[in-house]
>>> print(open('start.cif').read())   # mmCIF, C-alpha atoms
data_entry
#
loop_
_atom_site.label_atom_id
_atom_site.label_comp_id
_atom_site.auth_asym_id
_atom_site.auth_seq_id
_atom_site.Cartn_x
_atom_site.Cartn_y
_atom_site.Cartn_z
CA MET T 199 48.47 126.22 183.01
CA ARG T 200 44.81 125.23 182.80
CA GLY T 201 45.73 121.57 183.28
CA LEU T 202 42.18 120.24 183.26
CA MET T 203 41.60 121.66 179.80
CA TRP T 204 44.38 119.61 178.29
CA VAL T 205 42.99 116.37 179.73
CA VAL T 206 39.45 117.08 178.58
CA LEU T 207 40.47 118.15 175.09
CA SER T 208 42.70 115.12 174.64
CA VAL T 209 39.89 112.76 175.59
CA CYS T 210 37.24 114.45 173.48
CA PHE T 211 39.17 115.44 170.35
CA GLY T 212 41.70 112.63 170.26
CA SER T 213 42.53 110.03 167.66
CA GLY T 214 40.01 108.50 165.32
CA VAL T 215 38.27 111.76 164.41
CA ALA T 216 37.81 112.67 160.75
CA TRP T 217 38.72 116.25 159.89
CA ALA T 218 38.26 116.56 156.15
CA GLU T 219 34.65 117.69 155.85
CA ASN T 220 34.20 121.34 154.94
CA PRO T 221 32.07 123.65 157.06
CA LYS T 222 28.78 124.88 155.66
CA THR T 223 28.14 128.57 155.03
CA ILE T 224 24.86 129.79 156.50
CA GLU T 225 23.40 133.09 155.34
CA VAL T 226 22.10 134.30 158.67
CA TRP T 227 20.84 137.71 157.61
CA ARG T 228 21.53 140.36 155.02
CA ASN T 229 25.35 140.63 154.67
CA LEU T 230 25.89 138.25 157.61
CA PHE T 231 27.25 134.71 157.19
CA THR T 232 28.37 131.95 159.54
CA LEU T 233 30.62 128.98 158.75
CA SER T 234 29.46 126.12 160.93
CA HIS T 235 29.83 122.38 161.38
CA GLY T 236 32.38 120.34 159.49
CA GLU T 237 34.13 117.45 161.23
CA GLY T 238 36.47 117.84 164.16
CA VAL T 239 36.70 121.04 166.19
CA ASN T 240 33.70 122.64 164.55
CA SER T 241 33.78 126.13 166.02
CA ASN T 242 31.82 128.80 164.19
CA SER T 243 33.31 131.68 162.23
CA THR T 244 31.09 134.59 161.27
CA PHE T 245 31.65 137.41 158.81
CA LEU T 246 29.80 140.65 158.17
CA ILE T 247 30.09 142.38 154.80
CA THR T 248 29.92 146.18 155.04
CA LYS T 249 30.27 148.91 152.40
CA GLU T 250 33.90 149.41 153.46
CA GLY T 251 34.98 145.83 153.95
CA VAL T 252 34.55 142.66 155.97
CA VAL T 253 34.56 141.98 159.71
CA VAL T 254 35.44 138.40 160.71
CA VAL T 255 34.57 136.93 164.10
CA ASP T 256 36.69 133.94 165.17
CA THR T 257 39.16 132.32 162.82
CA ARG T 258 38.74 128.56 163.47
CA VAL T 259 41.33 126.05 164.55
CA ASN T 260 44.27 126.44 162.14
CA PRO T 261 45.36 128.21 158.95
CA ALA T 262 43.79 125.57 156.70
CA GLU T 263 40.41 126.11 158.34
CA ALA T 264 40.90 129.88 158.31
CA ARG T 265 41.55 129.76 154.57
CA LYS T 266 38.14 128.11 154.18
CA VAL T 267 36.67 131.16 155.89
CA LYS T 268 38.56 133.44 153.53
CA GLU T 269 37.38 131.43 150.53
CA ALA T 270 33.79 131.73 151.73
CA ILE T 271 34.27 135.49 152.06
CA ARG T 272 35.70 135.75 148.56
CA ARG T 273 32.71 133.91 147.16
CA GLN T 274 30.62 136.84 148.41
CA THR T 275 32.87 139.89 148.01
CA GLU T 276 36.32 141.16 147.02
CA LEU T 277 36.22 143.94 149.61
CA PRO T 278 39.15 144.05 152.06
CA ILE T 279 39.05 142.41 155.47
CA LEU T 280 38.95 145.21 158.03
CA TYR T 281 38.99 143.35 161.34
CA ALA T 282 39.31 139.85 162.75
CA ILE T 283 37.79 139.57 166.23
CA ASN T 284 38.42 136.77 168.75
CA THR T 285 35.57 136.07 171.16
CA HIS T 286 37.97 134.30 173.59
CA TYR T 287 41.40 132.69 173.60
CA HIS T 288 40.68 129.00 172.91
CA GLY T 289 42.62 127.72 169.92
CA ASP T 290 39.58 126.52 167.98
CA HIS T 291 38.61 130.22 167.77
CA THR T 292 42.05 131.86 167.43
CA PHE T 293 44.59 129.57 165.74
CA GLY T 294 43.52 130.75 162.29
CA ASN T 295 44.52 134.33 163.15
CA GLN T 296 47.70 134.27 161.08
CA VAL T 297 45.63 134.03 157.87
CA PHE T 298 44.04 137.38 158.75
CA ARG T 299 47.23 139.07 159.94
CA ASP T 300 47.39 141.24 156.81
CA SER T 301 44.32 143.13 158.02
CA HIS T 302 46.58 144.48 160.84
CA ASN T 303 43.50 144.58 163.08
CA ILE T 304 43.03 141.48 165.25
CA VAL T 305 40.79 142.50 168.13
CA ALA T 306 40.09 140.85 171.48
CA HIS T 307 39.84 141.43 175.20
CA GLU T 308 43.19 142.05 176.88
CA ASN T 309 43.06 138.67 178.66
CA VAL T 310 43.06 136.89 175.30
CA ARG T 311 46.48 138.27 174.49
CA LYS T 312 47.74 137.28 177.95
CA ALA T 313 46.60 133.72 177.30
CA LEU T 314 48.17 133.50 173.82
CA GLU T 315 51.49 135.31 174.06
CA PHE T 316 54.84 133.88 175.14
CA GLU T 317 54.99 130.45 176.79
CA ALA T 318 51.27 130.30 177.53
CA GLY T 319 50.42 130.48 173.85
CA LYS T 320 53.08 127.92 172.91
CA GLU T 321 51.73 125.49 175.49
CA HIS T 322 48.19 125.97 174.24
CA LEU T 323 49.31 125.26 170.68
CA GLU T 324 51.23 122.13 171.70
CA VAL T 325 48.06 120.67 173.16
CA PHE T 326 46.18 121.23 169.91
CA LYS T 327 49.08 119.71 167.97
CA SER T 328 48.86 116.62 170.17
CA LEU T 329 45.27 116.10 169.01
CA LYS T 330 46.54 115.17 165.52
CA ILE T 331 44.40 117.73 163.74
CA PRO T 332 45.68 118.02 160.17
CA GLY T 333 47.23 121.41 159.50
CA MET T 334 48.25 122.26 163.04
CA GLU T 335 51.95 122.09 162.23
CA GLU T 336 51.81 125.25 160.12
CA THR T 337 50.08 127.19 162.89
CA VAL T 338 51.89 130.19 164.32
CA VAL T 339 50.27 131.60 167.44
CA THR T 340 49.12 135.09 166.46
CA PRO T 341 47.79 137.06 169.45
CA PRO T 342 45.43 139.99 168.94
CA ASN T 343 47.09 143.36 168.49
CA ILE T 344 44.12 145.60 169.33
CA LEU T 345 42.94 145.16 172.91
CA PHE T 346 40.21 146.57 175.13
CA ARG T 347 39.09 146.13 178.72
CA ASP T 348 35.35 146.71 179.10
CA LYS T 349 33.75 147.82 175.85
CA MET T 350 34.83 148.75 172.34
CA ASP T 351 32.86 150.27 169.48
CA ILE T 352 33.69 149.47 165.86
CA TYR T 353 32.08 151.45 163.07
CA ALA T 354 32.51 149.62 159.77
CA GLY T 355 30.63 151.00 156.80
CA GLU T 356 26.96 151.23 157.67
CA TYR T 357 27.24 149.03 160.78
CA HIS T 358 28.01 149.73 164.43
CA LEU T 359 29.40 146.74 166.32
CA GLU T 360 29.48 146.87 170.12
CA LEU T 361 32.13 144.57 171.60
CA ILE T 362 31.28 143.92 175.25
CA HIS T 363 33.49 142.06 177.72
CA VAL T 364 31.91 139.67 180.19
CA LYS T 365 33.17 136.68 182.19
CA GLY T 366 31.71 133.22 181.89
CA HIS T 367 33.23 130.68 179.53
CA THR T 368 36.64 132.29 180.20
CA ASP T 369 37.91 135.50 181.82
CA GLY T 370 38.37 137.10 178.39
CA ASP T 371 35.00 136.58 176.74
CA LEU T 372 33.37 139.15 174.54
CA PHE T 373 30.11 139.17 172.65
CA ILE T 374 29.19 141.42 169.75
CA TYR T 375 25.91 143.28 169.51
CA ILE T 376 24.84 144.60 166.11
CA GLU T 377 21.72 146.59 166.87
CA ALA T 378 20.90 147.30 163.21
CA LEU T 379 20.60 143.55 162.61
CA LYS T 380 19.18 142.72 166.05
CA THR T 381 21.97 140.17 166.28
CA LEU T 382 24.30 138.88 168.98
CA ILE T 383 27.48 136.99 168.10
CA THR T 384 28.21 135.23 171.37
CA GLY T 385 31.28 133.05 171.04
CA ASP T 386 31.13 130.09 173.42
CA LEU T 387 29.04 131.95 175.97
CA ILE T 388 26.16 130.36 174.06
CA GLN T 389 26.35 126.99 172.30
CA ASN T 390 23.47 125.37 170.49
CA LYS T 391 22.63 121.90 171.80
CA ARG T 392 26.15 121.33 173.07
CA ILE T 393 27.46 120.78 176.58
CA PRO T 394 30.03 123.56 177.07
CA TYR T 395 33.66 123.08 178.00
CA MET T 396 34.16 124.55 181.50
CA GLY T 397 37.88 124.24 182.22
CA ASP T 398 38.17 128.05 182.47
CA ALA T 399 34.59 128.82 183.48
CA TYR T 400 32.99 131.15 186.00
CA ILE T 401 29.50 129.72 186.23
CA GLU T 402 27.83 132.38 188.35
CA GLU T 403 29.30 135.13 186.15
CA TRP T 404 28.26 133.15 183.07
CA ILE T 405 24.62 133.18 184.14
CA LYS T 406 24.81 136.93 184.77
CA SER T 407 26.37 137.43 181.34
CA ILE T 408 23.58 135.53 179.62
CA ASN T 409 21.00 137.58 181.54
CA TYR T 410 22.74 140.71 180.26
CA MET T 411 22.65 139.46 176.67
CA GLY T 412 19.03 138.43 177.07
CA ASP T 413 18.03 141.98 178.00
CA LEU T 414 19.32 143.36 174.69
CA ASP T 415 16.99 143.88 171.75
CA ALA T 416 18.02 140.93 169.60
CA GLU T 417 16.30 138.29 167.52
CA ILE T 418 19.29 136.36 166.14
CA TYR T 419 21.88 134.59 168.28
CA ILE T 420 25.02 133.19 166.64
CA PRO T 421 26.65 130.72 169.05
CA GLY T 422 30.25 129.58 169.25
CA HIS T 423 29.20 126.08 168.19
CA GLY T 424 26.03 124.93 166.46
CA ASP T 425 23.46 126.61 164.26
CA PRO T 426 22.36 130.22 164.71
CA GLY T 427 18.86 130.62 166.08
CA GLY T 428 16.41 132.78 167.97
CA LYS T 429 16.13 133.53 171.67
CA PRO T 430 15.36 129.88 172.59
CA VAL T 431 19.07 129.15 171.90
CA LEU T 432 20.03 131.64 174.63
CA ILE T 433 17.34 130.42 177.01
CA ALA T 434 18.42 126.77 176.64
CA MET T 435 22.02 127.65 177.51
CA LYS T 436 20.91 129.68 180.51
CA HIS T 437 18.68 126.89 181.78
CA TYR T 438 21.51 124.37 181.49
CA LEU T 439 23.77 126.54 183.63
CA ILE T 440 21.04 127.17 186.20
CA GLU T 441 20.19 123.47 186.40
CA LEU T 442 23.85 122.57 186.82
CA ARG T 443 24.23 125.13 189.63
CA ARG T 444 21.04 124.07 191.39
CA MET T 445 21.79 120.35 191.31
CA VAL T 446 25.39 120.76 192.45
CA GLU T 447 24.50 123.18 195.23
CA ASN T 448 21.89 120.72 196.52
CA GLN T 449 24.56 118.04 196.77
CA ILE T 450 26.99 120.41 198.49
CA LYS T 451 24.33 121.23 201.10
CA LYS T 452 23.99 117.50 201.76
CA GLY T 453 27.74 117.24 202.35
CA SER T 454 28.32 115.07 199.26
CA SER T 455 31.84 114.51 197.97
CA LEU T 456 32.77 115.45 194.41
CA LYS T 457 32.36 111.87 193.22
CA GLU T 458 29.03 111.51 195.00
CA THR T 459 27.91 114.77 193.42
CA GLN T 460 28.96 113.63 189.96
CA ASP T 461 27.19 110.29 190.40
CA ALA T 462 23.99 112.03 191.56
CA VAL T 463 23.92 114.89 189.05
CA ARG T 464 25.31 113.26 185.90
CA PRO T 465 22.36 110.94 185.15
CA LYS T 466 19.84 113.74 185.68
CA LEU T 467 21.62 116.11 183.32
CA LYS T 468 22.30 113.32 180.84
CA ALA T 469 18.60 112.46 180.69
CA LYS T 470 17.51 116.08 180.34
CA TYR T 471 20.09 116.99 177.68
CA SER T 472 20.30 113.65 175.89
CA ASN T 473 20.08 115.31 172.45
CA TRP T 474 23.04 117.62 173.12
CA ASP T 475 26.60 116.97 171.95
CA LYS T 476 29.55 116.47 174.31
CA LEU T 477 27.72 114.65 177.09
CA GLU T 478 31.15 113.30 178.02
CA TRP T 479 31.95 116.77 179.39
CA LEU T 480 29.28 116.55 182.10
CA ASP T 481 31.65 115.29 184.80
CA GLY T 482 34.03 118.16 184.09
CA ASN T 483 31.15 120.65 184.30
CA ILE T 484 29.97 119.18 187.59
CA GLU T 485 33.51 119.36 188.98
CA ARG T 486 33.86 123.01 187.99
CA ALA T 487 30.51 123.83 189.61
CA TYR T 488 31.38 121.84 192.72
CA ARG T 489 34.66 123.70 193.21
CA GLU T 490 33.12 127.10 192.53
CA PHE T 491 30.06 126.75 194.74
CA SER T 492 31.88 124.95 197.55
CA LEU T 493 33.71 128.23 198.16
CA LYS T 494 30.51 130.10 199.01
#
>>> encode(input="start.cif", output="structure tokens")
Amino acid sequence: MRGLMWVVLSVCFGSGVAWAENPKTIEVWRNLFTLSHGEGVNSNSTFLITKEGVVVVDTRVNPAEARKVKEAIRRQTELPILYAINTHYHGDHTFGNQVFRDSHNIVAHENVRKALEFEAGKEHLEVFKSLKIPGMEETVVTPPNILFRDKMDIYAGEYHLELIHVKGHTDGDLFIYIEALKTLITGDLIQNKRIPYMGDAYIEEWIKSINYMGDLDAEIYIPGHGDPGGKPVLIAMKHYLIELRRMVENQIKKGSSLKETQDAVRPKLKAKYSNWDKLEWLDGNIERAYREFSLK
């Protein structure tokens, strides 16, 4: 299952990485906070404090990291946690779910549960364990128990959260639109100054999904990795995907092999995105694009 992912993750998150540093808590907007950065698999976790309780989006990579999220919440409020939402299935966004199991409301797209339950979930966890991340041994895969297909509305206190399914980074992505805050919580559909992992990607659908998000009335974009920001964060991600598609399609039209395409496209993307993290993922991105657009 998803064999390329295991290779890429092992190369990029393997031995020699320090994991001890705590994430920083960013106050994004009134009642809205994001835990970001920290060493290792530094996926973002966001929480919204409402009059009735707290909504958490993504639970980080393991219970130890999830407890840091809970501690950050408790520094702000003692209100109960109402929902934990997973933006997609990848373990750096879901393997802290067990810490939020007592909310009884772990929400995601139906494909997230398919990817995490039974043998598929066990295999996914074993890969993360192989990366020697401290705390992975206590992880119990905890799939979402509230599922939806296309769209779901959550009314929590004074806030209305729209959960909208799109394809792009995976086949089970969702983003959250909070109109009252003019905010989008995007998961890994948008990443700030970071080359995305594309082992499960649908690049053409991804571009369409970002166009959809860009048409919504929003001023704040909270990515799956990196600092929250304004619309330029969305535009930069979109332009990266469009550039990747354009360059790879040009090579396909010339009849280039995969290796020839990688050798032609990699230096151009590396020069243009030299200040982004995970440049080592460029070859994997080019391969995904090559295989997708060769089928046209």
>>> resolve_selection(input="start.cif", expression="the PyMOL selection byres ((chain T and resi 245) around 9)", output="VMD selection string")
chain T and resid 229 to 233 243 to 244 246 to 247 252 to 256 267 271 282
>>> resolve_selection(input="start.cif", expression="the PyMOL selection byres ((chain T and resi 440) around 12)", output="ChimeraX atom specification")
/T:401-406,408-409,433-439,441-447,467,487
>>> write_last_selection(input="start.cif", atoms="C-alpha atoms", output="compact mmCIF listing (two decimals), in the coordinates of the input")
# COMPACT_ATOMS: atom_id res chain seq x y z
CA ILE T 401 29.50 129.72 186.23
CA GLU T 402 27.83 132.38 188.35
CA GLU T 403 29.30 135.13 186.15
CA TRP T 404 28.26 133.15 183.07
CA ILE T 405 24.62 133.18 184.14
CA LYS T 406 24.81 136.93 184.77
CA ILE T 408 23.58 135.53 179.62
CA ASN T 409 21.00 137.58 181.54
CA ILE T 433 17.34 130.42 177.01
CA ALA T 434 18.42 126.77 176.64
CA MET T 435 22.02 127.65 177.51
CA LYS T 436 20.91 129.68 180.51
CA HIS T 437 18.68 126.89 181.78
CA TYR T 438 21.51 124.37 181.49
CA LEU T 439 23.77 126.54 183.63
CA GLU T 441 20.19 123.47 186.40
CA LEU T 442 23.85 122.57 186.82
CA ARG T 443 24.23 125.13 189.63
CA ARG T 444 21.04 124.07 191.39
CA MET T 445 21.79 120.35 191.31
CA VAL T 446 25.39 120.76 192.45
CA GLU T 447 24.50 123.18 195.23
CA LEU T 467 21.62 116.11 183.32
CA ALA T 487 30.51 123.83 189.61
>>> closest_residue(input="start.cif", among="T:Ile344, T:Gly453, T:Ser407, T:Ile388", to="Gly427 in chain T", atoms="only C-alpha atoms")
T:Ile388
>>> atom_distance(input="start.cif", atom1="CA of Asn260 in chain T", atom2="CA of Arg299 in chain T")
13.2 Å
>>> atom_distance(input="start.cif", atom1="CA of Val297 in chain T", atom2="CA of Arg392 in chain T")
27.8 Å
>>> resolve_selection(input="start.cif", expression="the PyMOL selection byres ((chain T and resi 304-308) around 7)", output="PDB file with C-alpha atoms, in the coordinates of the input")
ATOM      1  CA  TYR T 281      38.990 143.350 161.340  1.00  0.00           C
ATOM      2  CA  ALA T 282      39.310 139.850 162.750  1.00  0.00           C
ATOM      3  CA  ILE T 283      37.790 139.570 166.230  1.00  0.00           C
ATOM      4  CA  ASN T 284      38.420 136.770 168.750  1.00  0.00           C
ATOM      5  CA  THR T 285      35.570 136.070 171.160  1.00  0.00           C
ATOM      6  CA  HIS T 302      46.580 144.480 160.840  1.00  0.00           C
ATOM      7  CA  ASN T 303      43.500 144.580 163.080  1.00  0.00           C
ATOM      8  CA  ASN T 309      43.060 138.670 178.660  1.00  0.00           C
ATOM      9  CA  VAL T 310      43.060 136.890 175.300  1.00  0.00           C
ATOM     10  CA  ARG T 311      46.480 138.270 174.490  1.00  0.00           C
ATOM     11  CA  LYS T 312      47.740 137.280 177.950  1.00  0.00           C
ATOM     12  CA  PRO T 342      45.430 139.990 168.940  1.00  0.00           C
ATOM     13  CA  ASN T 343      47.090 143.360 168.490  1.00  0.00           C
ATOM     14  CA  ILE T 344      44.120 145.600 169.330  1.00  0.00           C
ATOM     15  CA  LEU T 345      42.940 145.160 172.910  1.00  0.00           C
ATOM     16  CA  PHE T 346      40.210 146.570 175.130  1.00  0.00           C
ATOM     17  CA  ARG T 347      39.090 146.130 178.720  1.00  0.00           C
ATOM     18  CA  HIS T 363      33.490 142.060 177.720  1.00  0.00           C
ATOM     19  CA  GLY T 370      38.370 137.100 178.390  1.00  0.00           C
ATOM     20  CA  LEU T 372      33.370 139.150 174.540  1.00  0.00           C
TER      21      LEU T 372
END
>>> closest_residue(input="start.cif", among="T:Pro465, T:Pro261, T:Gly422, T:Gly482", to="Pro332 in chain T", atoms="all atoms listed in the file")
T:Pro261
>>> residues_around(input="start.cif", residues="Asp351 in chain T", least_positions_apart="3", cutoff="8 Å", atoms="only C-alpha atoms", output="JSON, numbers by chain")
{"T": [358, 359, 360, 361]}
>>> atom_distance(input="start.cif", atom1="CA of Asp425 in chain T", atom2="CA of Asn242 in chain T")
8.6 Å
>>> closest_residue(input="start.cif", among="T:Glu276, T:Asp290, T:Asp386, T:Asp475", to="Thr257 in chain T", atoms="all atoms listed in the file")
T:Asp290
>>> residues_around(input="start.cif", residues="Asn220 in chain T", least_positions_apart="4", cutoff="10 Å", atoms="all atoms listed in the file", output="PDB file with C-alpha atoms, in the frame of the given file")
ATOM      1  CA  LEU T 233      30.620 128.980 158.750  1.00  0.00           C
ATOM      2  CA  SER T 234      29.460 126.120 160.930  1.00  0.00           C
ATOM      3  CA  HIS T 235      29.830 122.380 161.380  1.00  0.00           C
ATOM      4  CA  GLY T 236      32.380 120.340 159.490  1.00  0.00           C
ATOM      5  CA  GLU T 237      34.130 117.450 161.230  1.00  0.00           C
ATOM      6  CA  ASN T 240      33.700 122.640 164.550  1.00  0.00           C
ATOM      7  CA  GLU T 263      40.410 126.110 158.340  1.00  0.00           C
ATOM      8  CA  LYS T 266      38.140 128.110 154.180  1.00  0.00           C
TER       9      LYS T 266
END
>>> closest_residue(input="start.cif", among="T:Asp300, T:Asp415, T:Glu458, T:Glu250", to="Tyr488 in chain T", atoms="all atoms listed in the file")
T:Glu458
>>> closest_residue(input="start.cif", among="T:Glu335, T:Thr459, T:Leu329, T:Pro426", to="Glu225 in chain T", atoms="only C-alpha atoms")
T:Pro426
>>> residues_around(input="start.cif", residues="Phe373 in chain T", least_positions_apart="2", cutoff="9 Å", atoms="all atoms listed in the file", output="MDAnalysis selection string")
chainID T and resid 285 360:364 371 375 382:385 387 411
>>> closest_residue(input="start.cif", among="T:Phe293, T:Trp227, T:Tyr357, T:Tyr287", to="Ala313 in chain T", atoms="all atoms listed in the file")
T:Tyr287
